[in-house]
$ cat structure.cif   # mmCIF, C-alpha atoms
data_data
#
loop_
_atom_site.label_atom_id
_atom_site.label_comp_id
_atom_site.auth_asym_id
_atom_site.auth_seq_id
_atom_site.Cartn_x
_atom_site.Cartn_y
_atom_site.Cartn_z
CA MET X 1 74.03 173.04 220.33
CA ASN X 2 72.16 169.76 219.99
CA LYS X 3 69.81 168.57 217.28
CA GLU X 4 66.64 169.64 219.07
CA GLN X 5 67.97 173.15 219.51
CA ALA X 6 69.11 173.11 215.89
CA ARG X 7 65.60 172.20 214.72
CA LEU X 8 64.08 175.15 216.61
CA LEU X 9 66.72 177.48 215.18
CA LEU X 10 65.99 175.99 211.76
CA MET X 11 62.44 177.34 212.03
CA ASP X 12 63.80 180.81 212.77
CA TYR X 13 66.22 180.50 209.85
CA MET X 14 63.58 179.34 207.36
CA TYR X 15 61.38 182.34 208.16
CA GLY X 16 64.17 184.91 208.39
CA GLU X 17 64.02 185.41 212.14
CA LEU X 18 67.56 184.31 212.96
CA ASP X 19 70.38 186.77 213.54
CA GLU X 20 73.65 186.43 211.62
CA ALA X 21 75.73 185.00 214.47
CA LYS X 22 73.26 182.20 215.18
CA LYS X 23 72.73 181.67 211.46
CA SER X 24 76.40 180.82 210.77
CA GLU X 25 76.50 178.64 213.88
CA LEU X 26 73.38 176.76 212.72
CA LEU X 27 74.64 176.27 209.16
CA ASP X 28 77.96 174.94 210.44
CA PHE X 29 76.09 172.51 212.68
CA ILE X 30 73.86 171.37 209.80
CA ASP X 31 76.88 170.81 207.60
CA GLN X 32 78.22 168.41 210.18
CA HIS X 33 74.98 166.39 210.32
CA ASP X 34 73.68 164.85 207.11
CA ASP X 35 70.31 163.90 208.63
CA LEU X 36 69.65 167.52 209.60
CA LYS X 37 70.74 168.67 206.16
CA GLN X 38 68.20 166.35 204.59
CA GLU X 39 65.49 167.51 206.99
CA PHE X 40 66.26 171.10 206.09
CA GLU X 41 65.90 170.38 202.38
CA GLU X 42 62.65 168.49 202.89
CA LEU X 43 61.12 171.18 205.07
CA THR X 44 62.15 173.88 202.61
CA GLU X 45 60.45 171.97 199.82
CA THR X 46 57.32 171.49 201.95
CA GLN X 47 57.30 175.18 202.74
CA SER X 48 57.48 175.99 199.02
CA PHE X 49 54.42 173.77 198.36
CA LEU X 50 52.41 175.64 200.96
CA HIS X 51 52.90 178.90 199.09
CA HIS X 52 50.60 177.59 196.38
CA LEU X 53 47.59 177.23 198.65
CA PRO X 54 44.70 179.26 197.21
CA VAL X 55 42.46 181.44 199.30
CA GLN X 56 39.11 183.13 198.85
CA ASP X 57 38.41 186.73 199.69
CA PRO X 58 35.32 187.63 201.74
CA ALA X 59 32.22 188.05 199.64
CA GLU X 60 31.04 191.27 201.21
CA GLN X 61 32.31 194.08 203.35
CA LEU X 62 31.26 193.92 206.99
CA VAL X 63 29.88 197.12 208.45
CA ILE X 64 29.21 197.59 212.12
CA MET X 65 26.18 199.86 212.52
CA GLU X 66 26.24 202.40 215.29
CA PRO X 67 23.28 201.96 217.66
CA THR X 68 20.72 204.76 217.48
CA LYS X 69 21.02 207.10 220.44
CA ALA X 70 17.44 208.36 220.37
CA SER X 71 15.87 205.05 221.36
CA SER X 72 13.37 204.97 224.22
CA GLU X 73 15.59 202.51 226.05
CA GLY X 74 18.44 205.01 225.97
CA PHE X 75 16.10 207.79 227.12
CA TRP X 76 15.00 205.89 230.23
CA GLN X 77 18.55 204.72 230.81
CA ASN X 78 19.72 208.32 230.83
CA ILE X 79 16.99 209.33 233.28
CA LEU X 80 17.82 206.44 235.57
CA THR X 81 21.51 207.27 235.41
CA ALA X 82 20.79 210.91 236.22
CA LEU X 83 18.59 209.98 239.19
CA THR X 84 20.91 207.36 240.66
CA PRO X 85 23.38 208.80 243.20
CA ARG X 86 27.11 208.19 242.66
CA ASN X 87 28.01 207.53 246.27
CA ALA X 88 27.54 203.92 247.48
CA PHE X 89 25.95 204.97 250.76
CA ALA X 90 23.63 207.34 248.94
CA GLN X 91 22.77 204.57 246.50
CA ALA X 92 21.83 202.28 249.40
CA GLY X 93 19.64 205.04 250.90
CA PHE X 94 18.09 205.68 247.53
CA GLY X 95 17.33 202.00 247.18
CA VAL X 96 15.67 201.86 250.61
CA ALA X 97 13.62 204.94 249.81
CA VAL X 98 12.46 203.44 246.53
CA LEU X 99 11.46 200.23 248.29
CA ALA X 100 9.55 202.17 250.96
CA PHE X 101 7.79 204.18 248.26
CA VAL X 102 6.80 201.05 246.38
CA PHE X 103 5.58 199.48 249.65
CA ILE X 104 3.44 202.50 250.52
CA VAL X 105 1.94 202.79 247.04
CA THR X 106 1.23 199.08 246.88
CA GLY X 107 -0.33 199.20 250.36
CA ALA X 108 -2.54 202.10 249.39
CA LEU X 109 -3.75 200.39 246.25
CA THR X 110 -4.40 197.01 247.85
CA GLY X 111 -5.87 198.26 251.14
CA LEU X 112 -3.00 197.03 253.24
CA ASN X 113 -3.89 197.14 256.93
CA VAL X 114 -1.31 196.97 259.67
CA SER X 115 -2.38 196.68 263.32
CA TYR X 116 -0.60 196.09 266.60
CA THR X 117 -2.06 193.98 269.36
CA ASP X 118 -0.77 192.36 272.54
CA ALA X 119 -0.23 189.20 270.52
CA GLY X 120 1.94 190.99 267.94
CA VAL X 121 1.68 192.67 264.54
CA GLN X 122 -1.13 191.85 262.13
CA LEU X 123 -0.83 192.42 258.38
CA GLY X 124 -3.74 192.07 256.02
CA PHE X 125 -5.57 193.47 253.07
CA GLY X 126 -8.78 195.36 253.72
CA VAL X 127 -10.54 195.12 257.08
CA ILE X 128 -8.93 192.58 259.34
CA PRO X 129 -11.67 190.42 260.93
CA SER X 130 -11.64 190.12 264.70
CA ALA X 131 -10.06 187.03 266.02
CA GLU X 132 -12.29 184.11 267.14
CA LYS X 133 -13.31 184.02 270.86
CA THR X 134 -11.37 181.58 273.01
CA PHE X 135 -12.91 179.14 275.57
CA SER X 136 -13.62 180.37 279.12
CA ALA X 137 -12.03 178.71 282.18
CA ALA X 138 -15.33 177.02 283.13
CA GLN X 139 -15.76 175.68 279.63
CA VAL X 140 -12.22 174.41 279.62
CA GLU X 141 -12.81 172.75 283.02
CA GLN X 142 -16.03 171.22 281.74
CA ILE X 143 -14.29 169.88 278.67
CA VAL X 144 -11.49 168.49 280.80
CA GLN X 145 -14.02 166.79 283.11
CA GLN X 146 -15.88 165.37 280.16
CA ILE X 147 -12.63 164.03 278.75
CA GLN X 148 -11.77 162.56 282.15
CA ARG X 149 -15.18 160.88 282.38
CA ASP X 150 -14.80 159.48 278.94
CA ASN X 151 -11.35 158.24 279.85
CA VAL X 152 -12.66 156.57 283.06
CA ALA X 153 -15.49 154.91 281.16
CA LEU X 154 -13.12 153.73 278.55
CA VAL X 155 -10.71 152.34 281.15
CA GLN X 156 -13.57 150.60 283.00
CA GLN X 157 -14.75 149.07 279.78
CA VAL X 158 -11.26 147.87 279.00
CA VAL X 159 -10.82 146.41 282.54
CA ALA X 160 -14.22 144.66 282.37
CA ASP X 161 -13.39 143.16 279.03
CA ALA X 162 -10.02 142.00 280.37
CA GLN X 163 -11.65 140.42 283.44
CA GLU X 164 -14.23 138.66 281.34
CA GLN X 165 -11.53 137.36 279.12
CA GLN X 166 -9.57 136.14 282.14
CA ASN X 167 -12.65 134.39 283.57
CA ILE X 168 -13.24 132.62 280.31
CA GLN X 169 -9.66 131.49 280.23
CA LEU X 170 -9.83 130.32 283.88
CA GLU X 171 -13.00 128.36 283.23
CA GLU X 172 -11.46 126.71 280.27
CA THR X 173 -8.39 125.89 282.34
CA PHE X 174 -10.49 124.40 285.22
CA ALA X 175 -12.59 122.38 282.81
CA SER X 176 -9.50 121.07 281.18
CA PHE X 177 -7.98 120.24 284.58
CA ALA X 178 -11.16 118.47 285.74
CA SER X 179 -11.25 116.45 282.60
CA TYR X 180 -7.63 115.53 283.19
CA LEU X 181 -8.35 114.49 286.80
CA GLU X 182 -11.35 112.40 285.74
CA SER X 183 -9.30 110.67 283.14
CA GLN X 184 -6.51 110.08 285.64
CA ARG X 185 -9.00 108.67 288.24
CA THR X 186 -10.50 106.30 285.70
CA ASN X 187 -7.07 105.02 284.81
CA ASP X 188 -6.22 104.56 288.50
CA LEU X 189 -9.44 102.63 289.17
CA GLN X 190 -8.80 100.43 286.20
CA LEU X 191 -5.28 99.76 287.48
CA ILE X 192 -6.58 98.99 291.01
CA SER X 193 -9.30 96.72 289.64
CA SER X 194 -6.80 94.91 287.52
CA GLY X 195 -4.48 94.58 290.54
CA LEU X 196 -7.26 93.17 292.69
CA GLU X 197 -8.20 90.66 290.03
CA ASP X 198 -4.61 89.52 289.82
CA LEU X 199 -4.38 89.28 293.61
CA LYS X 200 -7.58 87.32 293.74
CA GLU X 201 -6.39 84.89 291.11
CA ASN X 202 -3.02 84.48 292.82
CA THR X 203 -4.71 83.85 296.17
CA PHE X 204 -6.99 81.22 294.61
CA THR X 205 -4.05 79.56 292.96
CA ARG X 206 -2.14 79.49 296.24
CA PHE X 207 -5.17 78.01 298.06
CA ARG X 208 -5.39 75.28 295.50
CA GLU X 209 -1.71 74.56 295.72
CA ASN X 210 -1.84 74.56 299.54
CA GLU X 211 -4.80 72.20 299.51
CA GLN X 212 -3.02 69.99 297.05
CA VAL X 213 0.12 69.95 299.20
CA LEU X 214 -1.89 69.39 302.35
CA GLY X 215 -3.79 66.58 300.63
CA GLU X 216 -0.56 64.94 299.56
CA ILE X 217 0.88 65.33 303.09
CA ILE X 218 -2.25 63.84 304.60
CA GLN X 219 -2.21 61.01 302.12
CA THR X 220 1.44 60.33 302.79
CA VAL X 221 0.88 60.35 306.52
CA SER X 222 -2.14 58.04 306.13
CA TYR X 223 -0.10 55.63 304.10
CA GLY X 224 2.65 55.75 306.69
CA ASN X 225 0.37 54.85 309.49
CA MET H 1 46.35 205.79 210.63
CA GLU H 2 47.72 203.24 213.08
CA ASP H 3 45.46 200.56 214.54
CA ALA H 4 46.19 201.83 218.04
CA ARG H 5 44.99 205.30 217.13
CA LEU H 6 41.80 203.92 215.59
CA VAL H 7 41.17 201.88 218.71
CA GLN H 8 41.60 204.96 220.87
CA ASP H 9 39.29 206.94 218.61
CA PHE H 10 36.65 204.24 218.84
CA LEU H 11 36.93 204.10 222.61
CA GLY H 12 36.57 207.87 222.57
CA GLY H 13 33.23 207.55 220.78
CA ASP H 14 34.21 207.61 217.10
CA HIS H 15 32.16 204.77 215.73
CA GLN H 16 33.51 205.13 212.23
CA ALA H 17 36.99 204.27 213.52
CA PHE H 18 35.86 200.73 214.17
CA ASN H 19 34.54 200.37 210.63
CA THR H 20 37.99 201.40 209.42
CA LEU H 21 39.50 198.66 211.56
CA VAL H 22 36.99 196.17 210.14
CA SER H 23 37.78 197.04 206.55
CA ARG H 24 41.50 196.80 207.35
CA TRP H 25 41.38 193.42 209.09
CA GLN H 26 38.37 191.67 207.59
CA GLY H 27 40.34 190.11 204.73
CA LYS H 28 43.10 188.76 206.97
CA ILE H 29 40.70 187.27 209.50
CA HIS H 30 38.63 185.78 206.69
CA HIS H 31 41.73 184.23 205.09
CA PHE H 32 42.82 182.87 208.45
CA ALA H 33 39.45 181.25 209.09
CA TYR H 34 39.19 180.02 205.50
CA ARG H 35 42.52 178.22 205.76
CA TYR H 36 41.48 176.87 209.15
CA PHE H 37 38.22 175.31 207.90
CA ALA H 38 38.58 175.32 204.08
CA SER H 39 35.03 176.65 203.95
CA SER H 40 33.88 180.07 202.78
CA ASP H 41 30.71 179.88 204.87
CA ASP H 42 32.59 179.00 208.04
CA ALA H 43 35.16 181.69 207.31
CA ALA H 44 32.45 184.33 206.85
CA GLU H 45 30.72 183.27 210.06
CA ILE H 46 33.94 183.29 212.07
CA THR H 47 34.90 186.69 210.64
CA GLN H 48 31.53 188.17 211.54
CA LYS H 49 31.61 186.77 215.05
CA THR H 50 35.17 187.96 215.53
CA PHE H 51 34.33 191.57 214.78
CA ILE H 52 31.11 191.51 216.77
CA LYS H 53 33.03 190.23 219.78
CA ALA H 54 35.78 192.77 219.19
CA TYR H 55 33.17 195.53 219.06
CA GLN H 56 31.67 194.40 222.36
CA LYS H 57 34.95 193.79 224.17
CA LEU H 58 37.29 196.40 222.76
CA ASP H 59 37.16 198.39 225.99
CA THR H 60 38.81 195.41 227.74
CA LEU H 61 41.92 195.60 225.52
CA ASP H 62 44.77 196.49 227.88
CA ASP H 63 47.34 197.59 225.31
CA VAL H 64 45.96 199.26 222.19
CA ASN H 65 49.25 198.49 220.38
CA LYS H 66 48.41 194.78 220.56
CA PHE H 67 45.10 195.04 218.72
CA SER H 68 46.14 192.66 215.91
CA SER H 69 47.29 189.92 218.33
CA TRP H 70 44.11 190.40 220.36
CA LEU H 71 41.96 190.13 217.22
CA TYR H 72 43.72 186.95 216.06
CA ARG H 73 43.25 185.47 219.55
CA ILE H 74 39.51 186.12 219.33
CA ALA H 75 39.37 184.54 215.88
CA ASN H 76 41.41 181.52 216.98
CA ASN H 77 39.21 180.99 220.05
CA LEU H 78 36.09 181.19 217.90
CA CYS H 79 37.61 178.64 215.49
CA LEU H 80 38.28 176.31 218.42
CA ASP H 81 34.72 176.82 219.70
CA GLU H 82 33.39 175.99 216.25
CA LEU H 83 35.51 172.84 216.15
CA LYS H 84 34.14 171.76 219.54
CA ARG H 85 30.59 172.52 218.46
CA VAL H 86 30.71 170.40 215.31
CA GLY H 87 33.73 168.29 216.20
CA ARG H 88 32.17 164.96 215.36
CA LYS H 89 31.03 166.12 211.96
CA ARG H 90 34.43 167.56 211.09
CA ALA H 91 36.29 164.55 212.44
CA THR H 92 34.24 162.39 210.08
CA SER H 93 35.06 164.59 207.12
CA TYR H 94 38.77 164.43 207.97
CA GLU H 95 38.58 160.68 207.96
CA THR H 96 37.18 160.67 204.45
CA LEU H 97 39.89 163.05 203.35
CA LYS H 98 42.61 160.66 204.41
CA VAL H 99 41.61 158.09 201.80
CA ALA H 100 40.70 160.53 199.05
CA PRO H 101 44.06 161.11 197.33
CA GLN H 102 45.14 158.74 194.58
CA THR H 103 48.25 158.51 192.47
CA GLU H 104 46.28 158.95 189.26
CA THR H 105 47.08 162.64 189.24
CA ALA H 106 50.72 161.88 188.59
CA SER H 107 49.87 160.14 185.34
CA SER H 108 47.45 162.77 184.10
CA ALA H 109 48.38 164.38 180.82
CA ASP H 110 46.78 167.70 181.51
CA SER H 111 49.10 169.77 183.63
CA ASN H 112 46.34 172.24 184.63
CA VAL H 113 44.18 169.46 185.97
CA LEU H 114 47.21 168.12 187.77
CA ARG H 115 47.85 171.49 189.34
CA ASN H 116 44.22 172.05 190.40
CA GLU H 117 44.03 168.66 192.00
CA GLY H 118 47.33 169.35 193.70
CA LEU H 119 45.92 172.53 195.22
CA VAL H 120 42.90 170.66 196.55
CA LEU H 121 45.15 168.05 198.08
CA LEU H 122 47.29 170.78 199.56
CA HIS H 123 44.31 172.14 201.44
CA LYS H 124 43.26 168.70 202.51
CA ALA H 125 46.73 168.01 203.83
CA LEU H 126 46.58 171.19 205.89
CA LEU H 127 43.19 170.19 207.31
CA GLN H 128 44.63 166.90 208.50
CA LEU H 129 47.12 168.54 210.80
CA PRO H 130 46.31 168.58 214.53
CA ASN H 131 44.65 171.88 215.49
CA ASP H 132 47.56 173.20 217.51
CA GLN H 133 50.00 172.61 214.64
CA ARG H 134 47.61 173.81 211.95
CA VAL H 135 46.99 177.18 213.57
CA VAL H 136 50.74 177.78 213.92
CA VAL H 137 51.39 176.82 210.28
CA ILE H 138 48.60 179.12 209.08
CA MET H 139 49.69 182.05 211.23
CA LYS H 140 53.32 181.64 210.27
CA GLU H 141 53.04 180.65 206.63
CA TYR H 142 50.07 182.72 205.51
CA GLU H 143 49.47 185.49 208.02
CA GLY H 144 53.16 186.34 208.18
CA LEU H 145 53.21 186.60 211.97
CA THR H 146 56.51 186.23 213.80
CA PHE H 147 57.06 183.43 216.30
CA PRO H 148 56.90 185.84 219.27
CA GLU H 149 53.58 187.21 217.96
CA ILE H 150 52.14 183.73 217.53
CA ALA H 151 53.34 182.79 221.01
CA GLU H 152 51.56 185.84 222.43
CA ILE H 153 48.33 185.11 220.53
CA LEU H 154 48.26 181.48 221.62
CA ASP H 155 49.63 182.24 225.08
CA GLU H 156 52.27 179.54 224.67
CA PRO H 157 56.09 179.55 225.10
CA ILE H 158 57.91 180.57 221.93
CA ASN H 159 59.82 177.28 221.72
CA THR H 160 56.54 175.39 221.89
CA VAL H 161 55.31 177.38 218.91
CA LYS H 162 58.51 176.65 216.95
CA SER H 163 58.28 173.00 217.85
CA ARG H 164 54.67 172.84 216.60
CA MET H 165 55.77 174.52 213.37
CA TYR H 166 58.56 172.00 212.90
CA TYR H 167 56.36 168.98 213.53
CA GLY H 168 53.59 170.51 211.41
CA LEU H 169 55.92 170.83 208.45
CA ARG H 170 57.21 167.30 209.01
CA ALA H 171 53.67 165.94 209.07
CA LEU H 172 52.83 167.83 205.88
CA LYS H 173 55.94 166.44 204.20
CA LYS H 174 54.88 162.95 205.15
CA THR H 175 51.37 163.52 203.78
CA PHE H 176 52.68 165.02 200.54
CA ASP H 177 54.96 162.03 200.02
CA SER H 178 52.13 159.57 200.61
CA TRP H 179 49.93 161.45 198.10
CA ASN H 180 52.70 161.81 195.51
CA ILE H 181 52.62 165.59 195.66
CA ASN H 182 55.94 166.82 194.30
CA LYS H 183 57.46 169.72 192.46
CA GLU H 184 55.89 168.69 189.14
CA VAL H 185 52.39 169.12 190.50
CA PHE H 186 52.89 172.86 190.92
CA ASN H 187 55.37 173.29 188.05
CA TYR H 188 57.82 174.05 190.70
CA GLU H 189 61.00 175.90 189.57
#
$ encode --input "structure.cif" --output "structure tokens"
Amino acid sequence: MNKEQARLLLMDYMYGELDEAKKSELLDFIDQHDDLKQEFEELTETQSFLHHLPVQDPAEQLVIMEPTKASSEGFWQNILTALTPRNAFAQAGFGVAVLAFVFIVTGALTGLNVSYTDAGVQLGFGVIPSAEKTFSAAQVEQIVQQIQRDNVALVQQVVADAQEQQNIQLEETFASFASYLESQRTNDLQLISSGLEDLKENTFTRFRENEQVLGEIIQTVSYGN
Amino acid sequence: MEDARLVQDFLGGDHQAFNTLVSRWQGKIHHFAYRYFASSDDAAEITQKTFIKAYQKLDTLDDVNKFSSWLYRIANNLCLDELKRVGRKRATSYETLKVAPQTETASSADSNVLRNEGLVLLHKALLQLPNDQRVVVIMKEYEGLTFPEIAEILDEPINTVKSRMYYGLRALKKTFDSWNINKEVFNYE
């Protein structure tokens, strides 16, 4: 026996639920352990305090009233129980029959109309109006042709607009290119003119220098002679 | 007539048998709930609910010889439900109880006053126990149930029940010491 086991046995001992053999074993064990002996005394004292706790009796006697058996709810419940079959299969059949009955009665009261056509089953209340007429083959062809014509016109319009747009863009491009060429030609002419002026000036300068040299040569020769 | 016989009579259609069971067990269930909550109103409500539930569910009782354990289990479950429902409110009241006791009672000259205050503190000390320990202490100390019966009601191992009883008593001892509750308060011996 260890202390934990002794404490559990102590509970049995305190409330008179321990047999004699275990009781002597427990008391011997407690005698050997002073801490358990003290615990035992403290718990016994605590237990004695608890006996003083007051209590109040209930103020009134509860009475459970028996439900009345003659109620309308019980009457209908009894009828329903008597009508409902015991067997599960029979209950299922009974349920289907009740549903069919409710469907028929409801249909009769609301003028339910059920009709079969090549297209399928039609359900409705009262007289079911005839379905709307569909288009004939010629009408369909005419509509298709009209749609095709509209489509062609629309495509032509779109193509014409695209062409016009392209023409405008081309014109703008040519005008821009012409302007560029004109500008380039003007620059070239200016460059050529400038070149010619330079050439002319150089040529004049060379003539003057040649004349000067020739003059000096002639003068030198004249002085030599 | 034994409880089991009354249960069988009720299940056989004798409505009056259940009223006999009610009159026999109403006081015990009321005392149990009163010690659980320290409130007459709560005890009356729990008692009423317990018997209404027992009336509705008695046909589910497997062993008619275990009616008393079954009834206590219903009452205990209803007490736990009530604690969950108003747990915050009760937790607050327990907190105020912890600081209520003073040592002035020990110096009071009037022994009757001392005793009355001691009884109030006794109840407060019981209310401060954790629920699982409190229910075991109440069932063991006041309802006189055996440990195996308590274990069956709470659906717990018997050693767990004994352990809760031990620690419950230890906790009460600690509380009594801190509140100076001793033998003199109750004119003990």
$ interface_residues --input "structure.cif" --of "chain H" --to "chain X" --cutoff "9 Å" --atoms "all atoms listed in the file" --output "CSV table (one decimal) with C-alpha atoms, keeping the file's coordinate frame"
chain,number,residue,atom,x,y,z
H,15,HIS,CA,32.2,204.8,215.7
H,16,GLN,CA,33.5,205.1,212.2
H,18,PHE,CA,35.9,200.7,214.2
H,19,ASN,CA,34.5,200.4,210.6
H,22,VAL,CA,37.0,196.2,210.1
H,23,SER,CA,37.8,197.0,206.6
H,26,GLN,CA,38.4,191.7,207.6
H,27,GLY,CA,40.3,190.1,204.7
H,28,LYS,CA,43.1,188.8,207.0
H,30,HIS,CA,38.6,185.8,206.7
H,31,HIS,CA,41.7,184.2,205.1
H,34,TYR,CA,39.2,180.0,205.5
H,35,ARG,CA,42.5,178.2,205.8
H,38,ALA,CA,38.6,175.3,204.1
H,40,SER,CA,33.9,180.1,202.8
H,43,ALA,CA,35.2,181.7,207.3
H,44,ALA,CA,32.4,184.3,206.8
H,47,THR,CA,34.9,186.7,210.6
H,48,GLN,CA,31.5,188.2,211.5
H,51,PHE,CA,34.3,191.6,214.8
H,52,ILE,CA,31.1,191.5,216.8
H,55,TYR,CA,33.2,195.5,219.1
H,119,LEU,CA,45.9,172.5,195.2
H,120,VAL,CA,42.9,170.7,196.6
H,122,LEU,CA,47.3,170.8,199.6
H,123,HIS,CA,44.3,172.1,201.4
H,126,LEU,CA,46.6,171.2,205.9
H,140,LYS,CA,53.3,181.6,210.3
H,141,GLU,CA,53.0,180.6,206.6
H,142,TYR,CA,50.1,182.7,205.5
H,146,THR,CA,56.5,186.2,213.8
H,147,PHE,CA,57.1,183.4,216.3
H,159,ASN,CA,59.8,177.3,221.7
H,162,LYS,CA,58.5,176.6,217.0
H,163,SER,CA,58.3,173.0,217.8
H,165,MET,CA,55.8,174.5,213.4
H,166,TYR,CA,58.6,172.0,212.9
H,169,LEU,CA,55.9,170.8,208.4
H,170,ARG,CA,57.2,167.3,209.0
H,172,LEU,CA,52.8,167.8,205.9
H,173,LYS,CA,55.9,166.4,204.2
H,176,PHE,CA,52.7,165.0,200.5
H,181,ILE,CA,52.6,165.6,195.7
H,182,ASN,CA,55.9,166.8,194.3
H,183,LYS,CA,57.5,169.7,192.5
H,186,PHE,CA,52.9,172.9,190.9
H,188,TYR,CA,57.8,174.0,190.7
$ atom_distance --input "structure.cif" --atom1 "CA of Val137 in chain H" --atom2 "CA of Asn77 in chain H"
16.2 Å
$ closest_residue --input "structure.cif" --among "H:Pro130, H:Gly13, H:Thr20, H:Ile29" --to "Met1 in chain H" --atoms "only C-alpha atoms"
H:Thr20
$ resolve_selection --input "structure.cif" --expression "the PyMOL selection byres ((chain H and resi 152) around 12)" --output "PyMOL selection string"
chain H and resi 66-73+136+139+145-151+153-161
$ atom_distance --input "structure.cif" --atom1 "CA of Val7 in chain H" --atom2 "CA of Gln56 in chain H"
12.6 Å
$ axis_aligned_box --input "structure.cif" --around "range 31-34 of chain H" --padding-each-side "4 Å" --output "AutoDock Vina command-line options"
--center_x 41.0 --center_y 182.1 --center_z 207.1 --size_x 11.6 --size_y 12.2 --size_z 12.0
$ resolve_selection --input "structure.cif" --expression "the PyMOL selection byres ((chain X and resi 26) around 10)" --output "JSON, numbers by chain"
{"X": [1, 5, 6, 7, 9, 10, 13, 18, 20, 21, 22, 23, 24, 25, 27, 28, 29, 30, 31, 32]}
$ closest_residue --input "structure.cif" --among "H:Arg164, H:Glu184, H:Asp59, H:Glu117" --to "Gly12 in chain H" --atoms "all atoms listed in the file"
H:Asp59
